[in-house]
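data34.tsv follows; it contains TSV, C-alpha atoms.
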chain	number	residue	atom	x	y	z
A	1	MET	CA	-83.21	152.12	-131.18
A	2	ASP	CA	-86.70	152.91	-132.44
A	3	GLU	CA	-86.41	156.39	-130.96
A	4	PHE	CA	-83.66	157.53	-133.31
A	5	ALA	CA	-83.23	154.96	-136.11
A	6	PRO	CA	-86.10	156.41	-138.19
A	7	ARG	CA	-84.23	159.73	-138.25
A	8	LEU	CA	-81.06	158.29	-139.79
A	9	SER	CA	-80.36	158.83	-143.48
A	10	PHE	CA	-77.58	157.97	-145.92
A	11	PHE	CA	-75.79	159.39	-148.93
A	12	PHE	CA	-74.92	157.35	-152.02
A	13	ASN	CA	-73.29	158.02	-155.38
A	14	SER	CA	-74.80	156.64	-158.55
A	15	HIS	CA	-72.40	155.57	-161.31
A	16	ASN	CA	-72.64	154.42	-164.92
A	17	ASP	CA	-73.37	150.69	-164.63
A	18	PHE	CA	-77.14	150.97	-164.72
A	19	PHE	CA	-78.25	147.61	-163.36
A	20	GLU	CA	-75.36	147.36	-160.91
A	21	GLU	CA	-76.33	150.68	-159.37
A	22	ILE	CA	-79.96	149.64	-159.01
A	23	ALA	CA	-78.84	146.40	-157.36
A	24	LYS	CA	-76.51	148.34	-155.06
A	25	PHE	CA	-79.34	150.47	-153.72
A	26	ARG	CA	-81.67	147.49	-153.37
A	27	ALA	CA	-78.98	145.51	-151.52
A	28	ALA	CA	-78.35	148.44	-149.18
A	29	ARG	CA	-82.05	148.66	-148.35
A	30	ARG	CA	-82.20	144.93	-147.68
A	31	ILE	CA	-79.08	144.90	-145.50
A	32	TRP	CA	-80.29	147.86	-143.45
A	33	ALA	CA	-83.66	146.24	-142.75
A	34	GLN	CA	-82.05	142.96	-141.70
A	35	VAL	CA	-79.44	144.62	-139.49
A	36	MET	CA	-82.02	146.78	-137.76
A	37	ARG	CA	-84.27	143.81	-137.01
A	38	GLU	CA	-81.77	141.05	-136.28
A	39	GLU	CA	-78.80	142.85	-134.72
A	40	PHE	CA	-80.43	145.85	-133.04
A	41	GLY	CA	-83.88	144.47	-132.33
A	42	ALA	CA	-85.83	147.29	-133.93
A	43	LYS	CA	-89.57	146.87	-133.61
A	44	SER	CA	-90.83	149.86	-135.57
A	45	GLU	CA	-91.18	149.39	-139.32
A	46	ARG	CA	-89.84	152.92	-139.85
A	47	SER	CA	-86.55	151.87	-138.26
A	48	THR	CA	-86.02	149.41	-141.13
A	49	TRP	CA	-86.53	151.97	-143.88
A	50	LEU	CA	-83.24	152.98	-145.51
A	51	ARG	CA	-83.74	156.64	-146.30
A	52	PHE	CA	-81.03	157.86	-148.65
A	53	HIS	CA	-80.01	160.71	-150.91
A	54	THR	CA	-78.33	160.01	-154.23
A	55	GLN	CA	-75.88	162.18	-156.15
A	56	THR	CA	-74.78	161.33	-159.65
A	57	ALA	CA	-71.08	160.49	-159.92
A	58	GLY	CA	-69.01	163.61	-160.48
A	59	CYS	CA	-65.93	161.45	-161.05
A	60	SER	CA	-67.58	160.04	-164.18
A	61	CYS	CA	-67.88	163.47	-165.78
A	62	THR	CA	-65.32	164.09	-168.51
A	63	ALA	CA	-63.72	167.30	-169.72
A	64	GLN	CA	-63.65	165.82	-173.23
A	65	GLN	CA	-66.97	166.20	-175.07
A	66	PRO	CA	-68.55	167.44	-171.83
A	67	GLU	CA	-72.07	167.54	-173.28
A	68	LEU	CA	-72.01	163.73	-173.06
A	69	ASN	CA	-72.12	164.13	-169.27
A	70	ILE	CA	-75.79	165.03	-169.65
A	71	VAL	CA	-76.41	161.47	-170.86
A	72	ARG	CA	-74.28	159.96	-168.11
A	73	THR	CA	-76.08	161.99	-165.47
A	74	THR	CA	-79.48	160.93	-166.81
A	75	ILE	CA	-78.56	157.24	-166.67
A	76	GLN	CA	-77.19	157.60	-163.14
A	77	ALA	CA	-80.19	159.59	-161.92
A	78	LEU	CA	-82.56	157.02	-163.42
A	79	ALA	CA	-80.72	154.23	-161.60
A	80	GLY	CA	-81.07	156.13	-158.34
A	81	VAL	CA	-84.81	156.55	-158.78
A	82	LEU	CA	-85.34	152.93	-159.79
A	83	GLY	CA	-83.20	151.85	-156.82
A	84	GLY	CA	-85.48	153.68	-154.37
A	85	THR	CA	-83.74	156.95	-153.53
A	86	GLN	CA	-85.73	159.56	-151.59
A	87	SER	CA	-83.86	162.61	-152.89
A	88	LEU	CA	-81.58	163.28	-155.81
A	89	HIS	CA	-78.80	165.59	-156.96
A	90	THR	CA	-77.85	165.66	-160.62
A	91	ASN	CA	-74.40	166.97	-161.53
A	92	SER	CA	-73.95	169.66	-164.17
A	93	TYR	CA	-72.32	168.63	-167.43
A	94	ASP	CA	-69.45	171.12	-167.09
A	95	GLU	CA	-68.31	170.10	-163.59
A	96	ALA	CA	-65.11	168.48	-164.91
A	97	ILE	CA	-64.10	171.89	-166.23
A	98	GLN	CA	-65.35	174.55	-163.85
A	99	LEU	CA	-67.90	175.54	-161.27
A	100	PRO	CA	-71.20	174.92	-163.04
A	101	SER	CA	-72.62	177.70	-165.18
A	102	GLU	CA	-76.24	178.76	-164.77
A	103	ASP	CA	-77.23	177.04	-168.02
A	104	ALA	CA	-75.54	173.79	-166.96
A	105	VAL	CA	-77.26	173.86	-163.58
A	106	ARG	CA	-80.61	174.40	-165.28
A	107	ILE	CA	-80.09	171.37	-167.55
A	108	ALA	CA	-79.19	169.25	-164.50
A	109	LEU	CA	-82.35	170.39	-162.74
A	110	ARG	CA	-84.50	169.80	-165.81
A	111	THR	CA	-83.10	166.26	-166.03
A	112	GLN	CA	-84.61	165.53	-162.63
A	113	GLN	CA	-87.86	167.23	-163.54
A	114	ILE	CA	-88.26	165.22	-166.74
A	115	LEU	CA	-87.67	161.99	-164.81
A	116	ALA	CA	-90.18	163.05	-162.17
A	117	ASN	CA	-92.90	164.48	-164.42
A	118	GLU	CA	-92.61	162.81	-167.82
A	119	SER	CA	-91.03	159.37	-167.48
A	120	GLY	CA	-93.38	157.70	-165.00
A	121	VAL	CA	-90.49	155.92	-163.26
A	122	ALA	CA	-91.48	157.27	-159.86
A	123	GLU	CA	-94.86	155.55	-159.97
A	124	SER	CA	-93.50	152.24	-158.63
A	125	VAL	CA	-91.63	151.63	-155.39
A	126	ASP	CA	-89.49	148.76	-156.68
A	127	PRO	CA	-90.15	148.22	-160.41
A	128	PHE	CA	-87.33	145.68	-160.87
A	129	ALA	CA	-88.57	143.37	-158.11
A	130	GLY	CA	-88.80	139.87	-159.55
A	131	SER	CA	-86.38	140.49	-162.41
A	132	TYR	CA	-84.10	137.46	-162.58
A	133	TYR	CA	-81.02	139.49	-163.44
A	134	VAL	CA	-81.58	142.33	-160.97
A	135	GLU	CA	-82.54	139.97	-158.14
A	136	TRP	CA	-79.42	137.88	-158.79
A	137	LEU	CA	-77.28	141.01	-158.95
A	138	THR	CA	-78.83	142.28	-155.71
A	139	ASP	CA	-78.05	138.99	-153.98
A	140	THR	CA	-74.47	139.12	-155.26
A	141	MET	CA	-74.06	142.74	-154.16
A	142	GLU	CA	-75.37	141.95	-150.69
A	143	GLU	CA	-73.05	138.97	-150.33
A	144	GLU	CA	-70.00	140.97	-151.38
A	145	ALA	CA	-70.97	143.86	-149.09
A	146	ARG	CA	-71.27	141.53	-146.10
A	147	ARG	CA	-67.81	140.14	-146.86
A	148	TYR	CA	-66.52	143.69	-146.74
A	149	PHE	CA	-68.23	144.25	-143.41
A	150	ASP	CA	-66.56	141.11	-142.08
A	151	ARG	CA	-63.15	142.43	-143.14
A	152	ILE	CA	-63.84	145.73	-141.39
A	153	ASP	CA	-65.02	143.95	-138.25
A	154	ALA	CA	-61.82	141.88	-138.29
A	155	LEU	CA	-59.81	145.10	-138.27
A	156	GLY	CA	-61.64	146.22	-135.14
A	157	GLY	CA	-64.34	148.34	-136.74
A	158	VAL	CA	-64.55	151.50	-138.83
A	159	VAL	CA	-62.46	153.72	-136.56
A	160	ALA	CA	-59.67	151.16	-136.42
A	161	GLY	CA	-59.90	150.79	-140.20
A	162	ILE	CA	-59.52	154.55	-140.67
A	163	GLU	CA	-56.57	154.69	-138.27
A	164	ARG	CA	-54.85	151.83	-140.09
A	165	GLY	CA	-55.46	153.38	-143.51
A	166	PHE	CA	-57.64	150.53	-144.75
A	167	PHE	CA	-60.26	152.66	-146.48
A	168	GLN	CA	-57.72	155.01	-148.05
A	169	ARG	CA	-55.82	152.03	-149.41
A	170	GLU	CA	-58.97	150.54	-150.89
A	171	ILE	CA	-59.79	153.84	-152.58
A	172	GLN	CA	-56.26	154.18	-153.93
A	173	GLU	CA	-56.22	150.67	-155.32
A	174	ALA	CA	-59.64	151.01	-156.93
A	175	SER	CA	-58.64	154.34	-158.49
A	176	PHE	CA	-55.41	152.84	-159.82
A	177	ARG	CA	-57.19	149.83	-161.32
A	178	TYR	CA	-59.78	152.01	-163.01
A	179	GLN	CA	-57.25	154.49	-164.40
A	180	ARG	CA	-55.08	151.67	-165.74
A	181	ALA	CA	-58.14	150.09	-167.39
A	182	VAL	CA	-59.00	153.40	-169.06
A	183	GLU	CA	-55.43	153.91	-170.29
A	184	THR	CA	-55.22	150.40	-171.74
A	185	GLY	CA	-58.65	150.70	-173.33
A	186	GLU	CA	-60.10	147.85	-171.30
A	187	GLU	CA	-62.56	150.33	-169.77
A	188	LYS	CA	-64.29	152.32	-172.50
A	189	VAL	CA	-65.03	155.97	-171.81
A	190	VAL	CA	-66.80	157.58	-174.72
A	191	GLY	CA	-65.06	160.76	-175.81
A	192	VAL	CA	-61.92	159.98	-173.81
A	193	ASN	CA	-60.42	156.75	-175.16
A	194	THR	CA	-63.03	155.85	-177.78
A	195	PHE	CA	-65.13	157.85	-180.24
A	196	THR	CA	-62.87	160.84	-179.70
A	197	VAL	CA	-62.86	164.09	-181.66
A	198	ASP	CA	-60.23	166.77	-182.17
A	199	THR	CA	-62.56	169.75	-182.10
A	200	PRO	CA	-62.04	172.22	-179.24
A	201	VAL	CA	-64.35	172.09	-176.24
A	202	LYS	CA	-66.98	174.81	-176.33
A	203	VAL	CA	-68.53	175.38	-172.94
A	204	PRO	CA	-69.94	178.70	-171.69
A	205	ARG	CA	-67.49	179.87	-169.08
A	206	LEU	CA	-68.56	180.78	-165.58
A	207	LYS	CA	-66.89	184.00	-164.48
A	208	ILE	CA	-66.77	185.14	-160.86
A	209	THR	CA	-66.51	188.89	-161.10
A	210	GLU	CA	-64.43	191.13	-158.90
A	211	GLU	CA	-67.64	192.85	-157.81
A	212	ALA	CA	-69.01	189.50	-156.57
A	213	ARG	CA	-65.84	188.99	-154.52
A	214	ARG	CA	-66.10	192.48	-153.07
A	215	ALA	CA	-69.79	191.99	-152.24
A	216	GLN	CA	-69.01	188.79	-150.34
A	217	SER	CA	-66.21	190.57	-148.47
A	218	ARG	CA	-68.63	193.32	-147.50
A	219	ARG	CA	-71.13	190.80	-146.15
A	220	LEU	CA	-68.44	189.11	-144.09
A	221	ARG	CA	-67.23	192.42	-142.66
A	222	ALA	CA	-70.82	193.34	-141.78
A	223	VAL	CA	-71.28	190.10	-139.84
A	224	ARG	CA	-68.06	190.66	-137.93
A	225	SER	CA	-68.90	194.26	-137.10
A	226	ARG	CA	-72.41	193.62	-135.79
A	227	ARG	CA	-71.79	190.50	-133.72
A	228	ASP	CA	-71.22	190.63	-129.96
A	229	ALA	CA	-67.45	190.25	-129.67
A	230	SER	CA	-67.46	188.91	-126.10
A	231	ARG	CA	-70.23	186.40	-126.84
A	232	HIS	CA	-68.43	185.31	-130.01
A	233	THR	CA	-65.12	184.80	-128.20
A	234	ALA	CA	-66.78	182.95	-125.31
A	235	ALA	CA	-68.62	180.61	-127.68
A	236	LEU	CA	-65.44	179.64	-129.53
A	237	ASP	CA	-63.61	179.16	-126.21
A	238	ARG	CA	-66.38	176.86	-125.02
A	239	LEU	CA	-66.18	174.90	-128.28
A	240	ARG	CA	-62.45	174.34	-127.75
A	241	GLN	CA	-63.04	173.23	-124.16
A	242	VAL	CA	-65.78	170.78	-125.14
A	243	ALA	CA	-63.71	169.42	-128.03
A	244	ALA	CA	-60.82	168.79	-125.67
A	245	THR	CA	-63.07	166.73	-123.38
A	246	GLU	CA	-63.23	163.06	-124.30
A	247	GLU	CA	-66.64	161.65	-125.24
A	248	LYS	CA	-68.25	165.08	-125.02
A	249	ASN	CA	-70.92	166.02	-127.57
A	250	THR	CA	-69.61	169.04	-129.49
A	251	MET	CA	-72.83	169.77	-131.41
A	252	PRO	CA	-74.44	172.03	-128.75
A	253	ALA	CA	-71.22	174.06	-128.60
A	254	VAL	CA	-71.12	174.31	-132.41
A	255	LEU	CA	-74.71	175.58	-132.43
A	256	GLU	CA	-73.86	178.08	-129.71
A	257	ALA	CA	-70.94	179.35	-131.81
A	258	LEU	CA	-73.19	179.71	-134.86
A	259	GLN	CA	-75.74	181.63	-132.81
A	260	ALA	CA	-72.90	183.94	-131.79
A	261	ASP	CA	-72.23	184.56	-135.53
A	262	ALA	CA	-69.01	182.57	-135.66
A	263	THR	CA	-68.09	181.73	-139.25
A	264	LEU	CA	-67.56	178.20	-140.53
A	265	GLY	CA	-63.85	178.90	-140.90
A	266	GLU	CA	-63.58	180.04	-137.28
A	267	ILE	CA	-65.38	176.91	-136.06
A	268	VAL	CA	-63.11	174.68	-138.15
A	269	ARG	CA	-60.02	176.45	-136.82
A	270	ALA	CA	-61.25	175.94	-133.25
A	271	PHE	CA	-61.39	172.19	-133.89
A	272	GLN	CA	-57.98	172.28	-135.59
A	273	GLU	CA	-56.45	173.95	-132.54
A	274	VAL	CA	-57.59	170.97	-130.46
A	275	PHE	CA	-57.24	168.05	-132.86
A	276	GLY	CA	-54.87	169.34	-135.52
A	277	SER	CA	-55.50	168.89	-139.25
A	278	TYR	CA	-56.57	165.42	-140.38
A	279	ARG	CA	-54.27	163.57	-142.73
A	280	GLU	CA	-55.46	160.43	-144.43
A	281	ARG	CA	-53.34	157.40	-143.79
A	282	SER	CA	-52.51	154.55	-146.09
A	283	MET	CA	-51.57	151.02	-145.08
A	284	TYR	CA	-48.66	151.17	-147.54
Can the structure from this file be put into structure tokens for me?
Amino acid sequence: MDEFAPRLSFFFNSHNDFFEEIAKFRAARRIWAQVMREEFGAKSERSTWLRFHTQTAGCSCTAQQPELNIVRTTIQALAGVLGGTQSLHTNSYDEAIQLPSEDAVRIALRTQQILANESGVAESVDPFAGSYYVEWLTDTMEEEARRYFDRIDALGGVVAGIERGFFQREIQEASFRYQRAVETGEEKVVGVNTFTVDTPVKVPRLKITEEARRAQSRRLRAVRSRRDASRHTAALDRLRQVAATEEKNTMPAVLEALQADATLGEIVRAFQEVFGSYRERSMY
């Protein structure tokens, strides 16, 4: 366990409820440390460290009054930092409309840089430790998370839950409840169902030029022309063979295919030829 646990890392989203998000990250760190020690017998302190990356919630970005997404992103990023994240991605304010423009990406980056260099929030490891409200919320979050884990265990584990459509159903139900709350006004979304304006949205448009498309096509053709065709074919054949073998690690074969200049699409298609295309299931 101590040989590989310190190398594990996680990926979390950060949403709008500031204190709830901080408590979520704190609860996750606490659960991980306890599970590593008590269930897996980890001895190294590094095995108990929950290393995680945080991305602000793209689903919270709105196409209406999109400049308000800068504020949402800042709140979410701040919650991630105060919750103990090791790395951070801040979404661009125009992501509900298009691929981010260069100006929008720069603002997202500067948001991180202001938090890191001007706010002082990164000076403390756990600045909300001891707060009555945040400690209570962390305890509550941990308790609810463990109840979820018990439900998953009762299904037979994560794989069984996926096969039975449990997770997809939970996502569908949560999405439905949220959307209904927004439509009824129970859930306030500034600029969408409250404090709305009728003025048109003015966002600098990102344009992918025809020349950019042609340049990418040229690069792809160049890769295909210079690679060793026999090595490329053999690597993809090996990947299919390994994928078809139960309990076989496919990563070395994937790396071999990449070294033979196979494209991502070709590697995905090799897996699809063995496993087919995945379709999410619902318990409904």
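Of the residues under consideration (A:Lys24, A:Leu206, A:Thr56, A:Glu3), A:Leu206 shows the shortest atom-to-atom contact distance to Gln98 (chain A) when counting all atoms listed in the file.
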Selection as an mmCIF file with C-alpha atoms, in the coordinates of the input: residues within 7 Å of (-64.8, 172.8, -130.1), counting all atoms listed in the file:
data_model
loop_
_atom_site.group_PDB
_atom_site.id
_atom_site.type_symbol
_atom_site.label_atom_id
_atom_site.label_comp_id
_atom_site.auth_asym_id
_atom_site.auth_seq_id
_atom_site.Cartn_x
_atom_site.Cartn_y
_atom_site.Cartn_z
ATOM 1 C CA LEU A 236 -65.440 179.640 -129.530
ATOM 2 C CA ARG A 238 -66.380 176.860 -125.020
ATOM 3 C CA LEU A 239 -66.180 174.900 -128.280
ATOM 4 C CA ARG A 240 -62.450 174.340 -127.750
ATOM 5 C CA GLN A 241 -63.040 173.230 -124.160
ATOM 6 C CA VAL A 242 -65.780 170.780 -125.140
ATOM 7 C CA ALA A 243 -63.710 169.420 -128.030
ATOM 8 C CA THR A 250 -69.610 169.040 -129.490
ATOM 9 C CA ALA A 253 -71.220 174.060 -128.600
ATOM 10 C CA VAL A 254 -71.120 174.310 -132.410
ATOM 11 C CA ALA A 270 -61.250 175.940 -133.250
ATOM 12 C CA PHE A 271 -61.390 172.190 -133.890
#
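Distance annotation: of A:Glu95, A:Arg37, A:Asn193, A:Gln76, the residue with the minimal separation from Gln179 (chain A) is A:Asn193; atom set is only C-alpha atoms.
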All residues 9 Å or closer to Gln55 (chain A), only C-alpha atoms, same chain fewer than 4 positions away omitted, as a count of residues only: 12
Taking all listed atoms of region 3-11 of chain A, build the axis-aligned box, pad each of the six sides by 8 Å, then write its centre and edge lengths in Å to one decimal as JSON.
{"center_x": -81.1, "center_y": 157.3, "center_z": -139.9, "size_x": 26.6, "size_y": 20.8, "size_z": 34.0}
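For the set A:Thr233, A:Thr245, A:Gln65, A:Thr140, the residue with the smallest atom-to-atom gap to Ala23 (chain A) is A:Thr140, counting only C-alpha atoms.
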10 Å contact set for Arg227 (chain A), only C-alpha atoms, chain neighbours under 2 positions out, as number ranges by chain: A: 222-225, 229-232, 259-262
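Minimum distance to Gly165 (chain A) across A:Arg46, A:Arg29, A:Arg281, A:Arg218 (counting only C-alpha atoms) occurs at A:Arg281.
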Point (-91.3, 154.2, -158.9), cut-off 9 Å, counting all atoms listed in the file, residues as number ranges by chain: A: 81-84, 120-127
Counting all atoms listed in the file, the residue of A:Tyr278, A:Arg219, A:Met141, A:Phe4 that sits nearest Glu163 (chain A): A:Tyr278
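Atom pair CA of Ala27 (chain A) / CA of Cys61 (chain A): separated by 25.5 Å.
Considering the residues A:Ala104, A:Arg51, A:Gln216, A:Met36 and counting only C-alpha atoms, Ser9 (chain A) has its shortest atom-to-atom contact with A:Arg51.
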